[in-house]
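*Asks:* Structure file data19.cif (mmCIF, C-alpha atoms) right here:
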```cif
data_structure
loop_
_atom_site.label_atom_id
_atom_site.label_comp_id
_atom_site.auth_asym_id
_atom_site.auth_seq_id
_atom_site.Cartn_x
_atom_site.Cartn_y
_atom_site.Cartn_z
CA ASP A 1 104.51 93.44 114.00
CA VAL A 2 104.35 97.19 113.93
CA LYS A 3 100.88 98.60 114.11
CA VAL A 4 100.06 102.00 112.68
CA THR A 5 96.53 103.04 113.54
CA GLN A 6 94.60 105.83 111.90
CA SER A 7 91.65 107.03 113.94
CA SER A 8 89.02 107.05 111.20
CA ARG A 9 88.53 104.94 108.08
CA TYR A 10 86.04 107.36 106.54
CA LEU A 11 85.44 111.01 107.32
CA VAL A 12 83.03 113.53 105.81
CA LYS A 13 83.54 117.22 106.51
CA ARG A 14 82.26 120.52 105.18
CA THR A 15 84.25 123.21 103.42
CA GLY A 16 85.89 125.54 105.89
CA GLU A 17 85.91 123.10 108.80
CA LYS A 18 89.08 122.42 110.77
CA VAL A 19 89.91 118.73 110.42
CA PHE A 20 92.18 116.57 112.54
CA LEU A 21 93.52 113.25 111.30
CA GLU A 22 95.21 111.18 113.98
CA CYS A 23 97.86 108.51 113.65
CA VAL A 24 99.38 106.35 116.37
CA GLN A 25 102.21 103.82 116.08
CA ASP A 26 103.12 101.27 118.74
CA MET A 27 106.75 100.41 117.95
CA ASP A 28 108.61 103.43 119.29
CA HIS A 29 109.53 104.58 115.79
CA GLU A 30 111.32 107.90 115.48
CA ASN A 31 110.01 108.83 112.04
CA MET A 32 106.43 109.45 111.00
CA PHE A 33 104.93 110.56 107.69
CA TRP A 34 101.70 111.81 106.18
CA TYR A 35 100.92 111.06 102.53
CA ARG A 36 97.90 111.69 100.39
CA GLN A 37 96.91 109.31 97.62
CA ASP A 38 94.95 110.37 94.57
CA PRO A 39 94.08 108.38 91.44
CA GLY A 40 96.75 108.72 88.79
CA LEU A 41 99.10 110.64 91.10
CA GLY A 42 100.33 107.91 93.43
CA LEU A 43 101.37 108.83 96.96
CA ARG A 44 102.61 112.34 97.67
CA LEU A 45 104.35 113.38 100.86
CA ILE A 46 102.67 116.15 102.85
CA TYR A 47 104.79 116.35 106.01
CA PHE A 48 107.14 114.18 107.97
CA SER A 49 108.68 114.19 111.44
CA TYR A 50 111.91 112.59 112.62
CA ASP A 51 111.49 113.41 116.30
CA VAL A 52 109.03 114.78 118.82
CA LYS A 53 108.16 118.38 118.05
CA MET A 54 110.20 118.23 114.84
CA LYS A 55 108.52 118.52 111.47
CA GLU A 56 109.58 118.97 107.87
CA LYS A 57 107.57 119.91 104.81
CA GLY A 58 107.13 117.36 102.09
CA ASP A 59 106.16 117.99 98.49
CA ILE A 60 102.63 119.34 99.05
CA PRO A 61 102.36 121.01 102.50
CA GLU A 62 100.09 123.87 101.45
CA GLY A 63 96.83 123.88 103.37
CA TYR A 64 98.09 121.42 105.98
CA SER A 65 99.91 121.53 109.30
CA VAL A 66 101.07 118.79 111.65
CA SER A 67 101.65 118.20 115.33
CA ARG A 68 103.87 115.72 117.11
CA GLU A 69 103.71 116.24 120.85
CA LYS A 70 104.41 112.60 121.70
CA LYS A 71 106.62 110.10 119.91
CA GLU A 72 103.83 107.69 119.10
CA ARG A 73 101.32 110.20 117.75
CA PHE A 74 101.43 112.32 114.60
CA SER A 75 98.46 114.49 113.72
CA LEU A 76 97.59 116.05 110.37
CA ILE A 77 95.54 119.23 110.51
CA LEU A 78 93.54 120.81 107.73
CA GLU A 79 93.11 124.36 108.96
CA SER A 80 90.19 125.14 106.65
CA ALA A 81 89.14 122.14 104.60
CA SER A 82 88.53 122.61 100.90
CA THR A 83 87.03 120.30 98.30
CA ASN A 84 90.42 119.77 96.65
CA GLN A 85 91.58 118.13 99.86
CA THR A 86 89.19 115.24 99.32
CA SER A 87 91.57 112.31 99.21
CA MET A 88 92.88 109.16 100.86
CA TYR A 89 95.32 110.07 103.63
CA LEU A 90 97.96 107.56 104.68
CA CYS A 91 100.15 107.68 107.76
CA ALA A 92 103.44 105.78 107.95
CA SER A 93 106.28 105.28 110.40
CA SER A 94 109.84 103.99 110.32
CA ARG A 95 112.65 103.49 112.80
CA GLY A 96 116.07 105.01 112.77
CA VAL A 97 117.73 108.27 113.54
CA MET A 98 116.69 110.87 110.99
CA ILE A 99 115.05 109.42 107.91
CA ALA A 100 117.04 106.34 107.03
CA THR A 101 116.19 105.38 103.50
CA ASN A 102 117.23 101.78 104.05
CA GLU A 103 114.50 101.31 106.64
CA LYS A 104 111.02 99.98 105.93
CA LEU A 105 107.94 102.14 106.04
CA PHE A 106 104.93 100.79 107.93
CA PHE A 107 101.57 102.19 106.82
CA GLY A 108 98.18 102.57 108.41
CA SER A 109 95.03 101.54 106.55
CA GLY A 110 94.25 105.08 105.50
CA THR A 111 91.50 107.65 106.06
CA GLN A 112 89.24 108.48 103.12
CA LEU A 113 88.33 112.13 103.62
CA SER A 114 85.49 113.72 101.71
CA VAL A 115 85.10 117.48 101.88
CA LEU A 116 81.68 118.67 100.73
CA ASP B 1 109.01 115.12 87.62
CA ALA B 2 108.46 111.45 88.40
CA LYS B 3 111.52 109.77 89.83
CA THR B 4 110.29 106.29 88.91
CA THR B 5 108.43 105.06 85.85
CA GLN B 6 106.33 101.90 85.80
CA PRO B 7 103.77 100.39 83.41
CA ASN B 8 100.23 101.18 84.48
CA SER B 9 99.09 97.58 84.45
CA MET B 10 100.24 94.02 83.88
CA GLU B 11 98.62 90.60 83.81
CA SER B 12 99.95 87.23 84.84
CA ASN B 13 98.62 83.72 84.96
CA GLU B 14 98.40 82.09 88.34
CA GLU B 15 101.49 80.12 89.40
CA GLU B 16 103.66 81.72 86.72
CA PRO B 17 106.54 84.11 87.41
CA VAL B 18 105.92 87.84 87.13
CA HIS B 19 108.52 90.46 86.28
CA LEU B 20 107.51 94.00 87.20
CA PRO B 21 109.85 96.61 85.67
CA CYS B 22 110.78 100.06 86.96
CA ASN B 23 112.95 102.81 85.51
CA HIS B 24 114.73 105.26 87.81
CA SER B 25 117.23 106.96 85.54
CA THR B 26 117.94 109.86 87.94
CA ILE B 27 119.09 107.57 90.75
CA SER B 28 122.20 108.65 92.64
CA GLY B 29 124.80 106.57 94.43
CA THR B 30 123.21 106.47 97.88
CA ASP B 31 119.57 106.10 96.83
CA TYR B 32 117.79 102.90 97.82
CA ILE B 33 115.21 101.18 95.64
CA HIS B 34 112.14 100.01 97.52
CA TRP B 35 109.07 98.08 96.41
CA TYR B 36 105.74 98.16 98.21
CA ARG B 37 102.39 96.74 97.28
CA GLN B 38 98.90 97.89 98.10
CA LEU B 39 95.95 95.54 98.36
CA PRO B 40 92.43 96.98 97.99
CA SER B 41 91.30 99.04 100.99
CA GLN B 42 94.68 98.73 102.71
CA GLY B 43 97.77 100.85 103.13
CA PRO B 44 100.92 99.91 101.21
CA GLU B 45 103.01 97.09 102.63
CA TYR B 46 106.74 96.54 102.30
CA VAL B 47 107.93 93.95 99.79
CA ILE B 48 111.69 94.36 99.34
CA HIS B 49 114.47 96.91 98.99
CA GLY B 50 118.07 97.11 97.84
CA LEU B 51 120.97 99.36 96.98
CA THR B 52 123.23 97.71 94.40
CA SER B 53 123.10 93.93 94.65
CA ASN B 54 120.17 91.69 93.86
CA VAL B 55 118.06 90.84 96.90
CA ASN B 56 115.86 87.90 97.80
CA ASN B 57 113.32 87.43 100.55
CA ARG B 58 110.35 85.17 101.19
CA MET B 59 108.02 87.43 99.20
CA ALA B 60 110.03 88.29 96.11
CA SER B 61 113.36 88.98 94.44
CA LEU B 62 114.74 92.33 93.38
CA ALA B 63 117.03 92.49 90.38
CA ILE B 64 118.94 95.76 90.03
CA ALA B 65 120.61 96.70 86.76
CA GLU B 66 124.35 97.19 86.80
CA ASP B 67 123.98 100.94 86.13
CA ARG B 68 121.15 101.05 88.72
CA LYS B 69 118.89 102.98 86.35
CA SER B 70 116.31 100.24 86.34
CA SER B 71 115.14 97.37 88.50
CA THR B 72 112.74 94.45 88.31
CA LEU B 73 110.58 92.97 91.01
CA ILE B 74 110.19 89.24 90.52
CA LEU B 75 107.34 87.26 92.00
CA HIS B 76 108.37 83.66 91.46
CA ARG B 77 104.90 82.12 91.40
CA ALA B 78 101.98 84.50 91.23
CA THR B 79 98.96 83.68 93.35
CA LEU B 80 95.56 85.34 93.40
CA ARG B 81 96.57 87.05 96.66
CA ASP B 82 99.35 88.84 94.77
CA ALA B 83 96.84 90.92 92.82
CA ALA B 84 97.65 94.45 93.97
CA VAL B 85 99.19 97.75 92.93
CA TYR B 86 102.99 97.51 93.10
CA TYR B 87 104.95 100.68 93.76
CA CYS B 88 108.59 101.18 92.89
CA ILE B 89 110.08 103.83 95.16
CA LEU B 90 113.28 105.81 95.13
CA ALA B 91 114.43 106.50 98.67
CA THR B 92 116.67 109.53 98.46
CA GLY B 93 117.83 112.14 100.93
CA ASN B 94 115.18 111.91 103.60
CA GLN B 95 112.22 111.12 101.41
CA PHE B 96 110.57 108.18 99.71
CA TYR B 97 109.35 109.04 96.21
CA PHE B 98 106.44 106.90 95.09
CA GLY B 99 105.59 106.37 91.44
CA THR B 100 102.04 105.79 90.22
CA GLY B 101 102.40 102.02 90.49
CA THR B 102 101.63 98.95 88.37
CA SER B 103 98.27 97.28 88.85
CA LEU B 104 98.87 93.53 88.68
CA THR B 105 96.02 91.26 87.67
CA VAL B 106 96.46 87.54 88.32
CA ILE B 107 94.39 85.30 86.07
CA PRO B 108 93.25 81.97 87.54
#
```
Give the structure from the file, written as structure tokens.
*Replies:*
Amino acid sequence: DVKVTQSSRYLVKRTGEKVFLECVQDMDHENMFWYRQDPGLGLRLIYFSYDVKMKEKGDIPEGYSVSREKKERFSLILESASTNQTSMYLCASSRGVMIATNEKLFFGSGTQLSVL
Amino acid sequence: DAKTTQPNSMESNEEEPVHLPCNHSTISGTDYIHWYRQLPSQGPEYVIHGLTSNVNNRMASLAIAEDRKSSTLILHRATLRDAAVYYCILATGNQFYFGTGTSLTVIP
């Protein structure tokens, strides 16, 4: 089975800090995604990547950036954390060239980030 | 605007069938319908997906309306382990649009 691993389960940071959330997948998937999940809002796409060094904005990219230097790793960066970025962050991956919408998404367990 | 609409919550008795509805009235011809579920403290996991025809797998069945504007996830015999939030997703273009999900409670 595909394994998507997020580096931290819980993270507490202070306002203004630079925060890195790491995600690694072990199945050679081309596509990787970062979502945030908030009560009553479901999952919202922040950024996605369909190849190394390629990235595309999702629905809510403001305040975030991403990095994909290697195929298996996709990092989410909060340049200057703010309290409204307190959320559950979920990483996902899928196979296929470009984003094939008939392919399954495989999710990590999530990182609960609290910004104080 | 939400691309999928689901009831916030549903209840089912254990070992009875469960029908979880979803409306996706803005669906276009090449959009796939996916269902995922999320157990407490876990990331979402894939359940089933389809395009036009009804689909069956070991976890569930997916019934898609003829006009494709709605679909129903069917769990044939609910167990306590099926208690989760079920998300109906429209996969369109290069994105997967999640709704707010239906929280399923299974009553022993």
*Asks:* List every residue of chain A that has an atom at most 12 Å from any atom of chain B, giving for each one its closest atom pair and the distance in Å to one decimal, counting all atoms listed in the file, sorted by chain and then by ascending residue number, as a Markdown table.
*Replies:*
```
| residue | atom | partner | partner_atom | distance |
| --- | --- | --- | --- | --- |
| A:Val2 | CA | B:Glu45 | CA | 11.4 |
| A:Lys3 | CA | B:Gly43 | CA | 11.6 |
| A:Val4 | CA | B:Gly43 | CA | 9.9 |
| A:Thr5 | CA | B:Gly43 | CA | 10.7 |
| A:Gln6 | CA | B:Gly43 | CA | 10.6 |
| A:Arg9 | CA | B:Ser41 | CA | 9.6 |
| A:Tyr10 | CA | B:Ser41 | CA | 11.3 |
| A:Asn31 | CA | B:Asn94 | CA | 10.4 |
| A:Met32 | CA | B:Gln95 | CA | 11.3 |
| A:Phe33 | CA | B:Gln95 | CA | 9.6 |
| A:Trp34 | CA | B:Phe96 | CA | 11.6 |
| A:Tyr35 | CA | B:Phe98 | CA | 10.2 |
| A:Arg36 | CA | B:Phe98 | CA | 11.1 |
| A:Gln37 | CA | B:Thr100 | CA | 9.7 |
| A:Asp38 | CA | B:Thr100 | CA | 9.5 |
| A:Pro39 | CA | B:Thr100 | CA | 8.5 |
| A:Gly40 | CA | B:Thr100 | CA | 6.2 |
| A:Leu41 | CA | B:Thr100 | CA | 5.7 |
| A:Gly42 | CA | B:Thr100 | CA | 4.2 |
| A:Leu43 | CA | B:Phe98 | CA | 5.7 |
| A:Arg44 | CA | B:Phe98 | CA | 7.1 |
| A:Leu45 | CA | B:Tyr97 | CA | 8.1 |
| A:Ile46 | CA | B:Gln95 | CA | 10.9 |
| A:Tyr47 | CA | B:Gln95 | CA | 10.2 |
| A:Phe48 | CA | B:Gln95 | CA | 8.8 |
| A:Ser49 | CA | B:Asn94 | CA | 10.4 |
| A:Tyr50 | CA | B:Asn94 | CA | 9.6 |
| A:Glu56 | CA | B:Asn94 | CA | 10.0 |
| A:Lys57 | CA | B:Gln95 | CA | 10.5 |
| A:Gly58 | CA | B:Gln95 | CA | 8.1 |
| A:Asp59 | CA | B:Gln95 | CA | 9.6 |
| A:Met88 | CA | B:Gly43 | CA | 9.9 |
| A:Tyr89 | CA | B:Gly43 | CA | 9.6 |
| A:Leu90 | CA | B:Gly43 | CA | 6.9 |
| A:Cys91 | CA | B:Gly43 | CA | 8.6 |
| A:Ala92 | CA | B:Gly43 | CA | 8.9 |
| A:Ser93 | CA | B:Glu45 | CA | 11.8 |
| A:Ser94 | CA | B:Tyr46 | CA | 11.4 |
| A:Gly96 | CA | B:Asn94 | CA | 11.5 |
| A:Val97 | CA | B:Asn94 | CA | 10.9 |
| A:Met98 | CA | B:Asn94 | CA | 7.6 |
| A:Ile99 | CA | B:Asn94 | CA | 5.0 |
| A:Ala100 | CA | B:Asn94 | CA | 6.8 |
| A:Thr101 | CA | B:Ala91 | CA | 5.3 |
| A:Asn102 | CA | B:Tyr32 | CA | 6.4 |
| A:Glu103 | CA | B:His49 | CA | 8.8 |
| A:Lys104 | CA | B:Tyr46 | CA | 6.6 |
| A:Leu105 | CA | B:Tyr46 | CA | 6.8 |
| A:Phe106 | CA | B:Glu45 | CA | 6.7 |
| A:Phe107 | CA | B:Gly43 | CA | 5.5 |
| A:Gly108 | CA | B:Gly43 | CA | 5.6 |
| A:Ser109 | CA | B:Gly43 | CA | 4.4 |
| A:Gly110 | CA | B:Gly43 | CA | 6.0 |
| A:Thr111 | CA | B:Gly43 | CA | 9.7 |
| A:Gln112 | CA | B:Ser41 | CA | 9.9 |
```
*Asks:* What is the CA of Lys69 (chain B) to CA of Thr4 (chain B) distance in Å?
*Replies:* 9.6 Å
*Asks:* Please report, as lines of an AutoDock Vina configuration file, the centre and edge lengths in Å to one decimal of an axis-aligned box covering all listed atoms of region 81-86 of chain B with 3 Å per side.
*Replies:*
```
center_x = 99.8
center_y = 92.4
center_z = 94.7
size_x = 12.4
size_y = 16.7
size_z = 9.8
```
*Asks:* Just the number, please: distance in Å from CA of Ser75 (chain A) to CA of Leu21 (chain A), one decimal.
*Replies:* 5.6 Å
*Asks:* For CA of Leu80 (chain B) and CA of Thr5 (chain B), quote the distance in Å rounded to one decimal.
*Replies:* 24.7 Å
*Asks:* Using the chain letters and numbering of this document, enumerate as a count of residues only the residues selected by the PyMOL selection byres ((chain B and resi 20) around 7).
*Replies:* 7
*Asks:* Under the rule that only C-alpha atoms are counted, which of A:Glu79, A:Asp28, A:Glu17, A:Asp51 is the nearest residue to Gly63 (chain A)?
*Replies:*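 Looking only at the distances to Gly63 (chain A), the closest residue turns out to be A:Glu79.
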*Asks:* So that I can check the surroundings of region 80-82 of chain A, please list as a PyMOL selection string every protein, DNA and RNA residue that reaches within 10 Å of it, counting all atoms listed in the file and ignoring chain neighbours fewer than 6 positions away.
*Replies:* chain A and resi 13-19+63-64+114-116
*Asks:* Would you export the selected residues with C-alpha atoms as a PDB file, in the frame of the given file, please?
*Replies:*
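What landed in part-v6.pdb:
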```pdb
ATOM      1  CA  LYS A  13      83.540 117.220 106.510  1.00  0.00           C
ATOM      2  CA  ARG A  14      82.260 120.520 105.180  1.00  0.00           C
ATOM      3  CA  THR A  15      84.250 123.210 103.420  1.00  0.00           C
ATOM      4  CA  GLY A  16      85.890 125.540 105.890  1.00  0.00           C
ATOM      5  CA  GLU A  17      85.910 123.100 108.800  1.00  0.00           C
ATOM      6  CA  LYS A  18      89.080 122.420 110.770  1.00  0.00           C
ATOM      7  CA  VAL A  19      89.910 118.730 110.420  1.00  0.00           C
ATOM      8  CA  GLY A  63      96.830 123.880 103.370  1.00  0.00           C
ATOM      9  CA  TYR A  64      98.090 121.420 105.980  1.00  0.00           C
ATOM     10  CA  SER A 114      85.490 113.720 101.710  1.00  0.00           C
ATOM     11  CA  VAL A 115      85.100 117.480 101.880  1.00  0.00           C
ATOM     12  CA  LEU A 116      81.680 118.670 100.730  1.00  0.00           C
TER      13      LEU A 116
END
```
*Asks:* Give as a count of residues only the residues that the PyMOL selection byres ((chain B and resi 63) around 7) matches when applied to the coordinates above.
*Replies:* 9
*Asks:* Taking the file as shown, what set of residues would the PyMOL selection byres ((chain B and resi 107) around 9) give back, as a ChimeraX atom specification?
*Replies:* /B:11-14,79-80,105-106,108
*Asks:* Could region 66-77 of chain A be completed with all heavy atoms and written as a PDB file, in the frame of the given file, please?
*Replies:*
```pdb
ATOM      1  N   VAL A  66     100.941 120.031 110.893  1.00  0.00           N
ATOM      2  CA  VAL A  66     101.070 118.790 111.650  1.00  0.00           C
ATOM      3  C   VAL A  66     101.456 119.101 113.086  1.00  0.00           C
ATOM      4  O   VAL A  66     101.919 120.192 113.413  1.00  0.00           O
ATOM      5  CB  VAL A  66     102.124 117.829 111.036  1.00  0.00           C
ATOM      6  CG1 VAL A  66     101.652 117.251 109.719  1.00  0.00           C
ATOM      7  CG2 VAL A  66     103.469 118.536 110.901  1.00  0.00           C
ATOM      8  N   SER A  67     101.274 118.079 113.918  1.00  0.00           N
ATOM      9  CA  SER A  67     101.650 118.200 115.330  1.00  0.00           C
ATOM     10  C   SER A  67     102.185 116.869 115.798  1.00  0.00           C
ATOM     11  O   SER A  67     101.593 115.816 115.524  1.00  0.00           O
ATOM     12  CB  SER A  67     100.421 118.589 116.162  1.00  0.00           C
ATOM     13  OG  SER A  67     100.725 118.527 117.533  1.00  0.00           O
ATOM     14  N   ARG A  68     103.332 116.932 116.497  1.00  0.00           N
ATOM     15  CA  ARG A  68     103.870 115.720 117.110  1.00  0.00           C
ATOM     16  C   ARG A  68     104.339 116.063 118.509  1.00  0.00           C
ATOM     17  O   ARG A  68     105.496 116.401 118.741  1.00  0.00           O
ATOM     18  CB  ARG A  68     105.006 115.130 116.272  1.00  0.00           C
ATOM     19  CG  ARG A  68     105.338 113.715 116.721  1.00  0.00           C
ATOM     20  CD  ARG A  68     106.166 112.999 115.723  1.00  0.00           C
ATOM     21  NE  ARG A  68     106.468 111.647 116.158  1.00  0.00           N
ATOM     22  CZ  ARG A  68     107.516 110.969 115.724  1.00  0.00           C
ATOM     23  NH1 ARG A  68     108.353 111.515 114.846  1.00  0.00           N
ATOM     24  NH2 ARG A  68     107.722 109.736 116.145  1.00  0.00           N
ATOM     25  N   GLU A  69     103.428 115.938 119.450  1.00  0.00           N
ATOM     26  CA  GLU A  69     103.710 116.240 120.850  1.00  0.00           C
ATOM     27  C   GLU A  69     104.257 115.024 121.591  1.00  0.00           C
ATOM     28  O   GLU A  69     104.979 115.158 122.582  1.00  0.00           O
ATOM     29  CB  GLU A  69     102.442 116.737 121.546  1.00  0.00           C
ATOM     30  CG  GLU A  69     101.924 118.060 120.972  1.00  0.00           C
ATOM     31  CD  GLU A  69     102.894 119.194 121.209  1.00  0.00           C
ATOM     32  OE1 GLU A  69     103.489 119.271 122.309  1.00  0.00           O
ATOM     33  OE2 GLU A  69     103.089 120.009 120.287  1.00  0.00           O
ATOM     34  N   LYS A  70     103.899 113.836 121.127  1.00  0.00           N
ATOM     35  CA  LYS A  70     104.410 112.600 121.700  1.00  0.00           C
ATOM     36  C   LYS A  70     104.970 111.734 120.590  1.00  0.00           C
ATOM     37  O   LYS A  70     104.524 111.817 119.440  1.00  0.00           O
ATOM     38  CB  LYS A  70     103.297 111.847 122.436  1.00  0.00           C
ATOM     39  CG  LYS A  70     102.783 112.558 123.670  1.00  0.00           C
ATOM     40  CD  LYS A  70     101.759 111.699 124.401  1.00  0.00           C
ATOM     41  CE  LYS A  70     101.295 112.397 125.664  1.00  0.00           C
ATOM     42  NZ  LYS A  70     100.315 111.570 126.416  1.00  0.00           N
ATOM     43  N   LYS A  71     105.908 110.886 120.926  1.00  0.00           N
ATOM     44  CA  LYS A  71     106.620 110.100 119.910  1.00  0.00           C
ATOM     45  C   LYS A  71     105.678 109.209 119.113  1.00  0.00           C
ATOM     46  O   LYS A  71     105.870 109.009 117.924  1.00  0.00           O
ATOM     47  CB  LYS A  71     107.690 109.244 120.600  1.00  0.00           C
ATOM     48  CG  LYS A  71     108.679 108.609 119.657  1.00  0.00           C
ATOM     49  CD  LYS A  71     109.761 107.899 120.453  1.00  0.00           C
ATOM     50  CE  LYS A  71     110.837 107.354 119.542  1.00  0.00           C
ATOM     51  NZ  LYS A  71     111.893 106.666 120.311  1.00  0.00           N
ATOM     52  N   GLU A  72     104.665 108.673 119.777  1.00  0.00           N
ATOM     53  CA  GLU A  72     103.830 107.690 119.100  1.00  0.00           C
ATOM     54  C   GLU A  72     102.701 108.290 118.276  1.00  0.00           C
ATOM     55  O   GLU A  72     102.028 107.595 117.540  1.00  0.00           O
ATOM     56  CB  GLU A  72     103.218 106.734 120.137  1.00  0.00           C
ATOM     57  CG  GLU A  72     102.213 107.373 121.091  1.00  0.00           C
ATOM     58  CD  GLU A  72     102.864 107.931 122.351  1.00  0.00           C
ATOM     59  OE1 GLU A  72     104.095 108.156 122.340  1.00  0.00           O
ATOM     60  OE2 GLU A  72     102.125 108.146 123.337  1.00  0.00           O
ATOM     61  N   ARG A  73     102.489 109.587 118.372  1.00  0.00           N
ATOM     62  CA  ARG A  73     101.320 110.200 117.750  1.00  0.00           C
ATOM     63  C   ARG A  73     101.717 111.336 116.805  1.00  0.00           C
ATOM     64  O   ARG A  73     102.494 112.227 117.167  1.00  0.00           O
ATOM     65  CB  ARG A  73     100.386 110.734 118.835  1.00  0.00           C
ATOM     66  CG  ARG A  73      99.062 111.277 118.333  1.00  0.00           C
ATOM     67  CD  ARG A  73      98.224 111.755 119.529  1.00  0.00           C
ATOM     68  NE  ARG A  73      97.908 110.661 120.437  1.00  0.00           N
ATOM     69  CZ  ARG A  73      96.839 109.887 120.340  1.00  0.00           C
ATOM     70  NH1 ARG A  73      95.961 110.092 119.364  1.00  0.00           N
ATOM     71  NH2 ARG A  73      96.622 108.938 121.209  1.00  0.00           N
ATOM     72  N   PHE A  74     101.142 111.302 115.602  1.00  0.00           N
ATOM     73  CA  PHE A  74     101.430 112.320 114.600  1.00  0.00           C
ATOM     74  C   PHE A  74     100.093 112.743 113.995  1.00  0.00           C
ATOM     75  O   PHE A  74      99.387 111.916 113.412  1.00  0.00           O
ATOM     76  CB  PHE A  74     102.355 111.743 113.529  1.00  0.00           C
ATOM     77  CG  PHE A  74     102.975 112.731 112.596  1.00  0.00           C
ATOM     78  CD1 PHE A  74     103.351 113.993 113.011  1.00  0.00           C
ATOM     79  CD2 PHE A  74     103.245 112.382 111.268  1.00  0.00           C
ATOM     80  CE1 PHE A  74     103.957 114.888 112.145  1.00  0.00           C
ATOM     81  CE2 PHE A  74     103.860 113.270 110.388  1.00  0.00           C
ATOM     82  CZ  PHE A  74     104.219 114.526 110.833  1.00  0.00           C
ATOM     83  N   SER A  75      99.761 114.008 114.161  1.00  0.00           N
ATOM     84  CA  SER A  75      98.460 114.490 113.720  1.00  0.00           C
ATOM     85  C   SER A  75      98.594 115.368 112.486  1.00  0.00           C
ATOM     86  O   SER A  75      99.513 116.195 112.407  1.00  0.00           O
ATOM     87  CB  SER A  75      97.789 115.299 114.837  1.00  0.00           C
ATOM     88  OG  SER A  75      97.648 114.512 115.991  1.00  0.00           O
ATOM     89  N   LEU A  76      97.672 115.194 111.562  1.00  0.00           N
ATOM     90  CA  LEU A  76      97.590 116.050 110.370  1.00  0.00           C
ATOM     91  C   LEU A  76      96.394 116.963 110.536  1.00  0.00           C
ATOM     92  O   LEU A  76      95.298 116.500 110.880  1.00  0.00           O
ATOM     93  CB  LEU A  76      97.439 115.207 109.111  1.00  0.00           C
ATOM     94  CG  LEU A  76      97.342 115.970 107.789  1.00  0.00           C
ATOM     95  CD1 LEU A  76      98.680 116.641 107.459  1.00  0.00           C
ATOM     96  CD2 LEU A  76      96.923 115.031 106.656  1.00  0.00           C
ATOM     97  N   ILE A  77      96.599 118.249 110.302  1.00  0.00           N
ATOM     98  CA  ILE A  77      95.540 119.230 110.510  1.00  0.00           C
ATOM     99  C   ILE A  77      95.254 119.970 109.210  1.00  0.00           C
ATOM    100  O   ILE A  77      96.178 120.477 108.566  1.00  0.00           O
ATOM    101  CB  ILE A  77      95.962 120.239 111.602  1.00  0.00           C
ATOM    102  CG1 ILE A  77      96.319 119.485 112.889  1.00  0.00           C
ATOM    103  CG2 ILE A  77      94.843 121.257 111.870  1.00  0.00           C
ATOM    104  CD1 ILE A  77      97.250 120.231 113.804  1.00  0.00           C
TER     105      ILE A  77
END
```
